[in-house]
$ cat query02.cif   # mmCIF, C-alpha atoms and all ligand atoms
data_upload
loop_
_atom_site.label_atom_id
_atom_site.label_comp_id
_atom_site.auth_asym_id
_atom_site.auth_seq_id
_atom_site.Cartn_x
_atom_site.Cartn_y
_atom_site.Cartn_z
CA MET S 1369 6.99 -19.12 20.52
CA SER S 1370 5.69 -22.47 19.25
CA GLU S 1371 3.46 -22.67 22.33
CA SER S 1372 1.57 -19.53 21.23
CA TYR S 1373 -2.18 -19.66 20.75
CA LEU S 1374 -1.91 -17.38 17.71
CA MET S 1375 -2.84 -19.19 14.51
CA ASN S 1376 0.09 -20.25 12.42
CA THR S 1377 -0.38 -17.84 9.50
CA TYR S 1378 2.90 -15.90 9.47
CA GLY S 1379 6.60 -16.65 9.31
CA ARG S 1380 7.51 -14.41 12.22
CA PHE S 1381 10.91 -13.26 13.43
CA ASN S 1382 11.75 -14.61 16.85
CA ILE S 1383 11.28 -11.32 18.71
CA VAL S 1384 8.64 -9.55 20.81
CA PHE S 1385 8.47 -5.78 20.47
CA GLU S 1386 7.20 -3.72 23.34
CA LYS S 1387 7.49 -0.06 22.44
CA GLY S 1388 8.55 2.31 19.72
CA ILE S 1389 9.58 5.93 19.20
CA GLY S 1390 9.88 7.36 15.70
CA THR S 1391 12.07 5.06 13.62
CA LYS S 1392 13.17 3.00 16.64
CA LEU S 1393 11.62 -0.13 18.10
CA TYR S 1394 12.48 -1.78 21.42
CA ASP S 1395 12.07 -5.46 22.25
CA THR S 1396 11.19 -6.89 25.66
CA GLN S 1397 14.92 -6.98 26.55
CA GLY S 1398 15.23 -3.26 25.79
CA GLU S 1399 17.28 -3.86 22.62
CA GLU S 1400 16.92 -1.08 20.05
CA TYR S 1401 16.11 -1.75 16.37
CA LEU S 1402 16.04 0.62 13.40
CA ASP S 1403 12.69 0.11 11.69
CA PHE S 1404 12.81 0.31 7.88
CA VAL S 1405 9.63 -1.75 7.55
CA SER S 1406 7.21 0.66 9.25
CA GLY S 1407 4.62 -2.06 9.76
CA VAL S 1408 4.71 -2.56 5.96
CA ALA S 1409 4.23 1.07 4.91
CA VAL S 1410 1.71 1.74 7.70
CA ASN S 1411 3.62 3.78 10.30
CA CYS S 1412 4.19 6.71 7.95
CA LEU S 1413 4.97 9.04 10.87
CA GLY S 1414 7.02 6.46 12.77
CA HIS S 1415 6.00 4.95 16.09
CA CYS S 1416 3.97 6.85 18.68
CA HIS S 1417 3.97 10.17 16.84
CA PRO S 1418 2.64 12.80 19.29
CA ALA S 1419 -0.09 13.95 16.86
CA ILE S 1420 -1.42 10.39 16.54
CA VAL S 1421 -1.20 9.71 20.28
CA LYS S 1422 -3.07 12.94 20.95
CA ALA S 1423 -5.78 12.15 18.41
CA VAL S 1424 -6.33 8.68 19.92
CA GLN S 1425 -6.44 10.05 23.45
CA GLU S 1426 -8.73 12.97 22.74
CA GLN S 1427 -11.16 11.23 20.41
CA SER S 1428 -11.37 8.04 22.48
CA SER S 1429 -12.42 10.05 25.51
CA LYS S 1430 -15.10 11.83 23.48
CA LEU S 1431 -16.72 9.32 21.11
CA MET S 1432 -15.34 6.09 19.66
CA HIS S 1433 -18.10 4.44 17.71
CA ILE S 1434 -21.70 5.13 16.79
CA SER S 1435 -22.46 2.98 13.66
CA ASN S 1436 -23.03 4.24 10.16
CA TYR S 1437 -26.73 4.85 10.83
CA TYR S 1438 -25.61 8.32 11.98
CA TRP S 1439 -23.31 11.02 10.62
CA ASN S 1440 -20.05 11.87 12.32
CA GLU S 1441 -17.98 14.99 11.82
CA ASN S 1442 -14.60 13.22 11.50
CA ALA S 1443 -15.73 10.90 8.70
CA MET S 1444 -17.20 13.83 6.79
CA LYS S 1445 -14.05 15.95 7.23
CA LEU S 1446 -11.78 13.07 6.27
CA SER S 1447 -13.73 12.37 3.08
CA GLU S 1448 -13.66 16.06 2.20
CA ILE S 1449 -9.88 16.26 2.60
CA LEU S 1450 -9.36 13.11 0.51
CA CYS S 1451 -11.59 14.46 -2.27
CA LYS S 1452 -10.06 17.95 -2.21
CA ASN S 1453 -6.62 16.38 -2.63
CA SER S 1454 -7.63 13.99 -5.41
CA ASP S 1455 -9.71 13.95 -8.59
CA HIS S 1456 -12.53 12.08 -6.87
CA SER S 1457 -15.82 13.11 -5.37
CA LYS S 1458 -17.03 10.30 -3.07
CA VAL S 1459 -15.37 8.17 -0.40
CA PHE S 1460 -16.35 4.82 1.10
CA LEU S 1461 -14.62 4.25 4.44
CA CYS S 1462 -13.62 0.79 5.68
CA ASN S 1463 -10.97 -0.80 7.87
CA SER S 1464 -8.27 -2.32 5.69
CA GLY S 1465 -6.75 -2.54 2.24
CA THR S 1466 -8.52 -5.68 1.19
CA GLU S 1467 -11.88 -4.18 2.22
CA GLY S 1468 -11.16 -1.16 0.01
CA ILE S 1469 -10.48 -3.55 -2.88
CA GLU S 1470 -13.68 -5.52 -2.17
CA ALA S 1471 -15.62 -2.26 -2.29
CA GLY S 1472 -13.95 -1.44 -5.61
CA ILE S 1473 -14.76 -4.85 -7.08
CA LYS S 1474 -18.41 -4.60 -6.03
CA LEU S 1475 -18.68 -1.06 -7.36
CA ALA S 1476 -17.22 -2.21 -10.69
CA ARG S 1477 -19.65 -5.12 -10.93
CA LYS S 1478 -22.58 -2.79 -10.26
CA TYR S 1479 -21.27 -0.34 -12.86
CA GLY S 1480 -21.11 -3.24 -15.33
CA ALA S 1481 -24.64 -4.33 -14.50
CA ILE S 1482 -25.92 -0.82 -15.23
CA HIS S 1483 -23.82 -0.20 -18.34
CA GLY S 1484 -24.08 -3.37 -20.39
CA GLU S 1485 -25.21 -6.89 -21.06
CA ASP S 1486 -22.99 -9.44 -19.38
CA LYS S 1487 -20.46 -6.72 -18.51
CA LYS S 1488 -18.80 -8.55 -15.59
CA GLN S 1489 -15.21 -9.20 -16.52
CA ILE S 1490 -12.46 -7.78 -14.32
CA ILE S 1491 -8.92 -7.69 -15.69
CA TYR S 1492 -6.01 -7.89 -13.25
CA MET S 1493 -2.23 -8.03 -13.50
CA ASN S 1494 0.10 -10.97 -13.10
CA ASN S 1495 2.45 -10.58 -10.13
CA SER S 1496 -0.03 -8.24 -8.39
CA PHE S 1497 -1.21 -8.24 -4.78
CA HIS S 1498 -4.58 -6.91 -3.67
CA GLY S 1499 -5.35 -8.64 -0.36
CA ARG S 1500 -6.49 -11.87 1.25
CA THR S 1501 -10.30 -11.84 1.19
CA LEU S 1502 -11.77 -13.96 -1.58
CA GLY S 1503 -12.65 -11.11 -3.95
CA ALA S 1504 -9.27 -9.39 -3.64
CA LEU S 1505 -7.53 -12.75 -3.79
CA SER S 1506 -9.35 -13.55 -7.04
CA VAL S 1507 -7.60 -10.59 -8.70
CA THR S 1508 -4.22 -11.22 -7.07
CA GLY S 1509 -1.96 -12.52 -9.82
CA GLN S 1510 0.22 -14.82 -7.76
CA PRO S 1511 -0.70 -18.53 -7.85
CA LYS S 1512 0.97 -19.22 -4.47
CA TYR S 1513 -1.72 -17.14 -2.72
CA GLN S 1514 -4.67 -18.42 -4.81
CA GLU S 1515 -4.15 -22.10 -5.41
CA THR S 1516 -5.44 -23.59 -2.12
CA PHE S 1517 -8.58 -21.50 -2.07
CA LYS S 1518 -10.17 -22.16 -5.44
CA PRO S 1519 -12.84 -21.75 -6.70
CA LEU S 1520 -12.45 -17.97 -6.54
CA ILE S 1521 -14.85 -15.40 -8.03
CA PRO S 1522 -15.60 -15.97 -11.72
CA ASP S 1523 -15.15 -13.61 -14.71
CA VAL S 1524 -11.68 -12.43 -13.77
CA VAL S 1525 -8.86 -12.53 -16.31
CA SER S 1526 -5.15 -11.86 -15.81
CA VAL S 1527 -2.75 -10.06 -18.13
CA ASN S 1528 0.98 -9.48 -17.99
CA PHE S 1529 1.96 -6.27 -16.18
CA ASN S 1530 3.31 -3.54 -18.51
CA ASP S 1531 2.47 -5.67 -21.59
CA GLU S 1532 0.46 -3.51 -24.02
CA ASN S 1533 -0.44 -6.26 -26.47
CA ASP S 1534 -1.73 -8.61 -23.79
CA ILE S 1535 -4.33 -6.18 -22.44
CA LYS S 1536 -5.28 -5.04 -25.95
CA SER S 1537 -6.11 -8.64 -26.82
CA LYS S 1538 -8.20 -9.27 -23.68
CA ILE S 1539 -10.18 -6.11 -22.94
CA SER S 1540 -13.64 -5.81 -24.53
CA ASN S 1541 -17.06 -4.31 -23.90
CA LYS S 1542 -17.61 -7.26 -21.49
CA THR S 1543 -14.95 -5.72 -19.21
CA CYS S 1544 -16.29 -3.70 -16.26
CA ALA S 1545 -12.93 -2.88 -14.67
CA VAL S 1546 -9.16 -3.09 -14.88
CA ILE S 1547 -7.32 -3.18 -11.56
CA ILE S 1548 -3.62 -2.37 -11.12
CA GLU S 1549 -1.07 -1.23 -8.56
CA PRO S 1550 0.74 1.78 -10.11
CA ILE S 1551 3.78 0.36 -8.30
CA GLN S 1552 3.60 -3.36 -7.54
CA GLY S 1553 4.50 -3.70 -3.86
CA GLU S 1554 4.50 -7.33 -2.72
CA GLY S 1555 5.44 -8.30 -6.27
CA GLY S 1556 8.88 -6.65 -5.95
CA ILE S 1557 8.54 -2.80 -6.04
CA ILE S 1558 7.98 -2.64 -9.77
CA PRO S 1559 6.57 0.64 -11.14
CA ALA S 1560 4.13 0.55 -14.04
CA ASP S 1561 5.27 2.33 -17.21
CA LYS S 1562 3.60 5.72 -17.62
CA GLU S 1563 2.72 4.86 -21.19
CA TYR S 1564 1.14 1.60 -20.07
CA LEU S 1565 -1.09 3.37 -17.54
CA LYS S 1566 -2.07 5.90 -20.22
CA LEU S 1567 -3.01 3.03 -22.50
CA LEU S 1568 -5.12 1.45 -19.72
CA ARG S 1569 -6.93 4.77 -19.32
CA GLU S 1570 -7.66 4.92 -23.06
CA LEU S 1571 -8.74 1.27 -23.26
CA CYS S 1572 -11.04 1.65 -20.24
CA ASP S 1573 -12.66 4.72 -21.76
CA LYS S 1574 -13.08 3.02 -25.12
CA ASN S 1575 -14.69 -0.07 -23.57
CA ASP S 1576 -16.68 1.78 -20.87
CA ALA S 1577 -14.77 0.06 -18.06
CA LEU S 1578 -13.58 1.51 -14.75
CA LEU S 1579 -9.87 1.92 -14.06
CA ILE S 1580 -9.05 0.94 -10.46
CA PHE S 1581 -5.71 1.86 -8.87
CA ASP S 1582 -4.70 -0.07 -5.77
CA GLU S 1583 -2.68 2.50 -3.84
CA VAL S 1584 -2.91 0.64 -0.55
CA GLN S 1585 0.89 0.48 -0.33
CA CYS S 1586 2.09 3.23 -2.67
CA GLY S 1587 -0.53 5.86 -1.74
CA ILE S 1588 -0.74 8.37 1.13
CA GLY S 1589 2.66 9.95 0.67
CA ARG S 1590 4.92 6.95 -0.06
CA THR S 1591 5.85 8.30 -3.49
CA GLY S 1592 6.16 11.90 -2.26
CA SER S 1593 2.68 12.72 -3.49
CA LEU S 1594 -0.48 12.06 -1.47
CA PHE S 1595 -1.69 9.83 -4.32
CA ALA S 1596 0.71 7.83 -6.46
CA TYR S 1597 -1.41 8.32 -9.59
CA LYS S 1598 -0.40 12.00 -9.63
CA LYS S 1599 3.20 10.95 -10.22
CA PHE S 1600 2.11 9.04 -13.32
CA GLY S 1601 -0.26 11.66 -14.70
CA VAL S 1602 -3.07 9.12 -15.18
CA VAL S 1603 -6.32 9.54 -13.24
CA PRO S 1604 -8.16 6.33 -12.29
CA ASP S 1605 -11.93 6.17 -11.67
CA ILE S 1606 -11.41 4.37 -8.37
CA VAL S 1607 -8.51 4.57 -5.91
CA CYS S 1608 -8.16 2.22 -2.95
CA ILE S 1609 -6.04 3.30 0.00
CA ALA S 1610 -5.33 1.99 3.51
CA LYS S 1611 -2.02 1.21 5.25
CA ALA S 1612 -0.53 4.71 5.92
CA LEU S 1613 -3.99 6.33 6.04
CA GLY S 1614 -4.27 5.61 9.77
CA GLY S 1615 -0.54 5.77 10.57
CA GLY S 1616 -0.98 2.54 12.58
CA PHE S 1617 -4.68 2.72 13.37
CA PRO S 1618 -6.77 0.45 11.09
CA ILE S 1619 -8.64 2.35 8.37
CA GLY S 1620 -9.10 1.97 4.62
CA ALA S 1621 -10.97 3.82 1.92
CA MET S 1622 -12.21 3.61 -1.64
CA LEU S 1623 -12.45 6.86 -3.61
CA ALA S 1624 -14.64 7.11 -6.69
CA ASN S 1625 -15.20 9.80 -9.30
CA GLU S 1626 -18.66 10.85 -10.45
CA ARG S 1627 -18.74 8.31 -13.26
CA ALA S 1628 -18.14 5.44 -10.83
CA ASP S 1629 -20.40 6.74 -8.08
CA VAL S 1630 -23.19 4.15 -8.52
CA PHE S 1631 -23.70 2.75 -5.01
CA GLU S 1632 -27.05 3.38 -3.33
CA PRO S 1633 -28.14 2.77 0.27
CA GLY S 1634 -28.02 -0.97 0.99
CA ASP S 1635 -25.51 -1.84 -1.76
CA HIS S 1636 -22.47 -1.96 0.49
CA GLY S 1637 -21.51 -1.26 4.06
CA ASN S 1638 -19.53 -2.17 7.13
CA THR S 1639 -19.91 -1.75 10.87
CA TYR S 1640 -16.74 0.08 11.82
CA GLY S 1641 -15.82 1.96 8.64
CA GLY S 1642 -15.01 5.60 9.33
CA ASN S 1643 -15.94 5.52 12.98
CA PRO S 1644 -15.10 8.73 14.86
CA LEU S 1645 -11.91 7.29 16.36
CA ALA S 1646 -10.43 5.85 13.15
CA ALA S 1647 -11.40 8.90 11.10
CA GLY S 1648 -10.09 11.22 13.83
CA VAL S 1649 -6.69 9.54 13.81
CA SER S 1650 -6.61 9.66 10.02
CA LEU S 1651 -7.33 13.39 10.10
CA ALA S 1652 -4.31 13.87 12.37
CA VAL S 1653 -2.12 11.79 10.03
CA LEU S 1654 -3.19 13.74 6.94
CA ASN S 1655 -2.65 17.02 8.75
CA GLU S 1656 0.95 16.04 9.53
CA LEU S 1657 1.56 14.83 5.98
CA ILE S 1658 -0.03 17.75 4.15
CA ASN S 1659 0.29 20.74 6.45
CA ASN S 1660 3.35 20.02 8.57
CA GLY S 1661 5.95 19.40 5.90
CA VAL S 1662 6.21 15.59 5.91
CA LEU S 1663 5.08 15.10 2.29
CA GLN S 1664 7.21 17.97 1.01
CA ASN S 1665 10.35 16.35 2.44
CA VAL S 1666 9.87 12.87 0.98
CA GLU S 1667 11.49 13.85 -2.32
CA GLU S 1668 14.74 15.00 -0.65
CA LYS S 1669 14.99 11.86 1.48
CA SER S 1670 14.19 9.72 -1.51
CA LYS S 1671 16.96 11.30 -3.59
CA TYR S 1672 19.38 10.83 -0.71
CA MET S 1673 18.51 7.14 -0.40
CA PHE S 1674 18.57 6.48 -4.13
CA THR S 1675 21.97 8.19 -4.48
CA LYS S 1676 23.45 6.15 -1.66
CA LEU S 1677 21.92 2.87 -2.82
CA ASN S 1678 23.07 3.47 -6.39
CA ALA S 1679 26.59 4.06 -5.06
CA LEU S 1680 26.36 0.69 -3.28
CA LYS S 1681 25.18 -0.86 -6.53
CA GLU S 1682 28.32 0.44 -8.27
CA LYS S 1683 30.45 -1.02 -5.51
CA TYR S 1684 28.80 -4.41 -5.02
CA GLU S 1685 27.90 -6.58 -7.95
CA VAL S 1686 25.31 -8.45 -5.92
CA ILE S 1687 22.90 -5.48 -6.22
CA LYS S 1688 21.11 -5.83 -9.56
CA GLU S 1689 19.06 -2.66 -9.52
CA VAL S 1690 17.66 0.12 -7.32
CA ARG S 1691 14.05 0.81 -8.20
CA GLY S 1692 10.84 2.35 -6.92
CA MET S 1693 9.70 5.85 -6.13
CA GLY S 1694 9.79 8.14 -3.11
CA LEU S 1695 10.40 6.03 -0.02
CA LEU S 1696 9.09 2.84 -1.58
CA ILE S 1697 12.40 1.36 -2.69
CA GLY S 1698 13.42 -2.12 -3.78
CA THR S 1699 16.80 -3.62 -4.52
CA PRO S 1700 16.80 -6.98 -6.27
CA LEU S 1701 19.88 -8.98 -5.26
CA LYS S 1702 21.74 -11.84 -6.90
CA CYS S 1703 21.93 -13.76 -3.61
CA ASP S 1704 19.69 -15.33 -0.95
CA ILE S 1705 17.64 -12.33 0.21
CA LYS S 1706 16.35 -14.14 3.33
CA ALA S 1707 19.95 -14.43 4.51
CA VAL S 1708 20.47 -10.69 3.97
CA ILE S 1709 17.27 -9.83 5.87
CA ASN S 1710 18.28 -12.12 8.74
CA LYS S 1711 21.78 -10.67 8.94
CA CYS S 1712 20.39 -7.13 8.95
CA PHE S 1713 18.05 -8.24 11.74
CA GLU S 1714 21.02 -9.56 13.74
CA ASN S 1715 22.56 -6.11 13.24
CA LYS S 1716 19.36 -4.46 14.52
CA LEU S 1717 18.00 -3.22 11.21
CA LEU S 1718 14.49 -4.30 10.18
CA LEU S 1719 13.91 -4.90 6.46
CA ILE S 1720 11.55 -7.17 4.52
CA THR S 1721 11.50 -8.83 1.15
CA ALA S 1722 9.26 -8.18 -1.86
CA GLY S 1723 8.83 -10.72 -4.64
CA LYS S 1724 11.37 -13.49 -5.10
CA ASP S 1725 14.61 -11.55 -5.10
CA THR S 1726 14.05 -8.04 -3.77
CA ILE S 1727 14.89 -6.29 -0.50
CA ARG S 1728 12.27 -3.68 0.37
CA PHE S 1729 13.06 -0.39 2.15
CA LEU S 1730 10.04 1.31 3.76
CA PRO S 1731 11.26 3.85 6.32
CA PRO S 1732 8.71 6.14 7.94
CA LEU S 1733 8.17 9.22 5.76
CA ASN S 1734 9.63 11.45 8.49
CA VAL S 1735 12.86 9.43 8.73
CA ASN S 1736 15.96 11.64 9.03
CA LEU S 1737 19.15 11.52 6.98
CA TYR S 1738 21.18 10.27 9.92
CA GLU S 1739 18.87 7.27 10.26
CA ILE S 1740 19.15 6.58 6.53
CA ASP S 1741 22.97 6.68 6.87
CA LYS S 1742 22.82 4.26 9.77
CA ALA S 1743 20.50 1.82 8.01
CA LEU S 1744 22.55 1.80 4.81
CA GLU S 1745 25.77 1.36 6.82
CA ILE S 1746 24.31 -1.84 8.27
CA PHE S 1747 23.01 -2.92 4.86
CA GLU S 1748 26.46 -2.37 3.32
CA LYS S 1749 28.18 -4.25 6.11
CA VAL S 1750 25.89 -7.22 5.50
CA ILE S 1751 26.27 -7.09 1.72
CA ALA S 1752 30.06 -6.80 2.04
CA SER S 1753 30.20 -9.83 4.34
CA LEU S 1754 28.55 -12.13 1.79
C1 LIG S 1801 -1.27 -4.56 1.92
C2 LIG S 1801 -1.92 -4.47 0.62
C3 LIG S 1801 -3.27 -4.84 0.45
C4 LIG S 1801 -4.09 -5.47 1.55
O1 LIG S 1801 -4.24 -4.63 2.63
P1 LIG S 1801 -4.74 -5.24 4.04
O2 LIG S 1801 -4.91 -4.03 4.91
O3 LIG S 1801 -3.66 -6.17 4.51
O4 LIG S 1801 -6.00 -5.97 3.80
C5 LIG S 1801 -3.84 -4.63 -0.79
N1 LIG S 1801 -3.14 -4.10 -1.81
C6 LIG S 1801 -1.85 -3.74 -1.68
C7 LIG S 1801 -1.13 -3.14 -2.85
C8 LIG S 1801 -1.19 -3.93 -0.47
O5 LIG S 1801 0.10 -3.61 -0.35
#
$ encode --input "query02.cif" --output "structure tokens" --more "lines below"
Ligand SMILES: *Cc1c(COP(=O)(O)O)cnc(C)c1O
Amino acid sequence: MSESYLMNTYGRFNIVFEKGIGTKLYDTQGEEYLDFVSGVAVNCLGHCHPAIVKAVQEQSSKLMHISNYYWNENAMKLSEILCKNSDHSKVFLCNSGTEGIEAGIKLARKYGAIHGEDKKQIIYMNNSFHGRTLGALSVTGQPKYQETFKPLIPDVVSVNFNDENDIKSKISNKTCAVIIEPIQGEGGIIPADKEYLKLLRELCDKNDALLIFDEVQCGIGRTGSLFAYKKFGVVPDIVCIAKALGGGFPIGAMLANERADVFEPGDHGNTYGGNPLAAGVSLAVLNELINNGVLQNVEEKSKYMFTKLNALKEKYEVIKEVRGMGLLIGTPLKCDIKAVINKCFENKLLLITAGKDTIRFLPPLNVNLYEIDKALEIFEKVIASL
């Protein structure tokens, strides 16, 4: 596709997909693929789920967009459901993960301006990923993403993930926020230690700083809980979500508790955020997850996958570890992971990498056990052929 007019920003597989049903994708030749990428944790209900299709059809024929100068029922209902299922009381709606992070960064800076002299510092984690806009990029602890685009926003400081002494030595009353993924996604599916998150909570309280969790990838059911922070027993002041929130339709959100709720009219905004169509689709997604049994079944499927992958680890030395939570699973390998991904692709299984050495499994949350068997059969075949 070198003749394409699309800007050269991705290393794409040489394939054009045309349609999808559930966990299956079909290319323009009609070839069937098993999708364990789910649009990078977006298609939580698989492709073309009837509830999502219905929500798009019905809402788009009623009202798509009106601007945030007016109220709309769907945005209000969506925010209510998010708050009633979290420990937060206000929601800012946007269109993507990075926009949720930008909203969080701005909210933190305003909180700092209100609560102290020169309270501007934001602490972020090495090996993290928070998005591609300049604010989110400034707190993304991976030089390969940052280097070309400097100067980034000032007063940001990185610490080593899960390193208690490092954060203790850097946090102060000049800190307005600490931002962390409870499970690092792009960095290699690496969960934070519970004790570390508890320490962050204590340090933030002691220094009057906001604790921000980026749950863009690990939130909205991926871990088996609607919010990943519930699995860790540590409540952040701000949670950013996106990806699975729209099940394939673009939407993002930032949730804040009362302490962090410092925005006033004019402080922040966006044109599309929470429009009736996006919010309507999100309502349908949450209804499936919460009320129609999808969330409740993640645990069982997760156990099934972990058991099978751990058995493969016993059998093949090339698998270093099986880690993650729910259906956010990573297996670091001792070999060239690109080769494994490509071989799986040749065998009609879609997988992606995370970090330098890890294969990432992200099936839709409503995947069935037969599909898990099939995917892991292909994965084993590829591993065995190395
Ligand atoms: C994907 C991702 C983002 C960025 O989301 P976009 O919708 O691509 O802007 C931010 N944080 C995490 C943890 C992500 O996985």
$ residues_around --input "query02.cif" --residues "segment 1699-1716 of chain S" --least-positions-apart "5" --cutoff "6 Å" --atoms "all atoms listed in the file" --output "list in words"
Tyr1401, Val1686, Ile1687, Lys1688, Glu1689, Val1690, Asp1725, Thr1726 and Ile1727 of chain S
$ residues_around --input "query02.cif" --residues "segment 1528-1530 of chain S" --least-positions-apart "4" --cutoff "7 Å" --atoms "all atoms listed in the file" --output "PyMOL selection string"
chain S and resi 1493-1494+1534+1560-1561+1564
$ closest_residue --input "query02.cif" --among "S:Gln1427, S:Gln1585, S:Thr1508, S:Thr1396" --to "ligand LIG 1801 (chain S)" --atoms "only C-alpha atoms and all ligand atoms"
S:Gln1585
$ atom_distance --input "query02.cif" --atom1 "atom CA of Gly1616 of chain S" --atom2 "atom CA of Gln1510 of chain S"
26.8 Å
$ residues_near_ligand --input "query02.cif" --ligand "ligand LIG 1801 (chain S)" --cutoff "9 Å" --atoms "only C-alpha atoms and all ligand atoms" --output "ChimeraX atom specification"
/S:1408-1409,1463-1469,1496-1501,1504,1508,1548-1554,1582-1586,1608-1611,1618-1620
$ residues_around --input "query02.cif" --residues "Ile1490 of chain S" --least-positions-apart "3" --cutoff "8 Å" --atoms "all atoms listed in the file" --output "list in words"
Val1507, Asp1523, Val1524, Val1525, Thr1543, Cys1544, Ala1545, Val1546 and Ile1547 of chain S
$ write_last_selection --input "query02.cif" --atoms "C-alpha atoms" --output "PDB file, keeping the file's coordinate frame"
ATOM      1  CA  VAL S1507      -7.600 -10.590  -8.700  1.00  0.00           C
ATOM      2  CA  ASP S1523     -15.150 -13.610 -14.710  1.00  0.00           C
ATOM      3  CA  VAL S1524     -11.680 -12.430 -13.770  1.00  0.00           C
ATOM      4  CA  VAL S1525      -8.860 -12.530 -16.310  1.00  0.00           C
ATOM      5  CA  THR S1543     -14.950  -5.720 -19.210  1.00  0.00           C
ATOM      6  CA  CYS S1544     -16.290  -3.700 -16.260  1.00  0.00           C
ATOM      7  CA  ALA S1545     -12.930  -2.880 -14.670  1.00  0.00           C
ATOM      8  CA  VAL S1546      -9.160  -3.090 -14.880  1.00  0.00           C
ATOM      9  CA  ILE S1547      -7.320  -3.180 -11.560  1.00  0.00           C
TER      10      ILE S1547
END
$ closest_residue --input "query02.cif" --among "S:Gly1661, S:Gly1614, S:Gly1484, S:Gly1723" --to "Gly1648 of chain S" --atoms "all atoms listed in the file"
S:Gly1614
$ residues_around --input "query02.cif" --residues "Ile1521 of chain S" --least-positions-apart "6" --cutoff "8 Å" --atoms "only C-alpha atoms" --output "ChimeraX atom specification"
/S:1502-1503,1506
$ atom_distance --input "query02.cif" --atom1 "atom CA of Phe1729 of chain S" --atom2 "atom CA of Lys1681 of chain S"
14.9 Å
$ closest_residue --input "query02.cif" --among "S:Phe1460, S:Tyr1492, S:Phe1674, S:Phe1381" --to "Ile1697 of chain S" --atoms "all atoms listed in the file"
S:Phe1674
$ closest_residue --input "query02.cif" --among "S:Phe1617, S:Phe1631, S:Tyr1597, S:Tyr1738" --to "Met1693 of chain S" --atoms "only C-alpha atoms"
S:Tyr1597
$ residues_around --input "query02.cif" --residues "Ile1389 of chain S" --least-positions-apart "5" --cutoff "8 Å" --atoms "only C-alpha atoms" --output "PyMOL selection string"
chain S and resi 1414-1417
$ atom_distance --input "query02.cif" --atom1 "atom CA of Gly1587 of chain S" --atom2 "atom CA of Leu1565 of chain S"
16.0 Å
$ closest_residue --input "query02.cif" --among "S:Leu1744, S:Ile1383, S:Val1603, S:Ile1473" --to "Asn1625 of chain S" --atoms "all atoms listed in the file"
S:Val1603
$ axis_aligned_box --input "query02.cif" --around "segment 1541-1547 of chain S" --padding-each-side "8 Å" --output "AutoDock Vina command-line options"
--center_x -12.5 --center_y -5.1 --center_z -17.7 --size_x 26.3 --size_y 20.4 --size_z 28.3
$ closest_residue --input "query02.cif" --among "S:Gly1692, S:Gly1555, S:Pro1731, S:Pro1633" --to "Asn1436 of chain S" --atoms "all atoms listed in the file"
S:Pro1633
$ residues_near_point --input "query02.cif" --point "(1.9, 11.7, -6.3)" --cutoff "10 Å" --atoms "all atoms listed in the file" --output "JSON, numbers by chain"
{"S": [1454, 1586, 1587, 1588, 1589, 1590, 1591, 1592, 1593, 1594, 1595, 1596, 1597, 1598, 1599, 1600, 1601, 1663, 1693, 1694]}
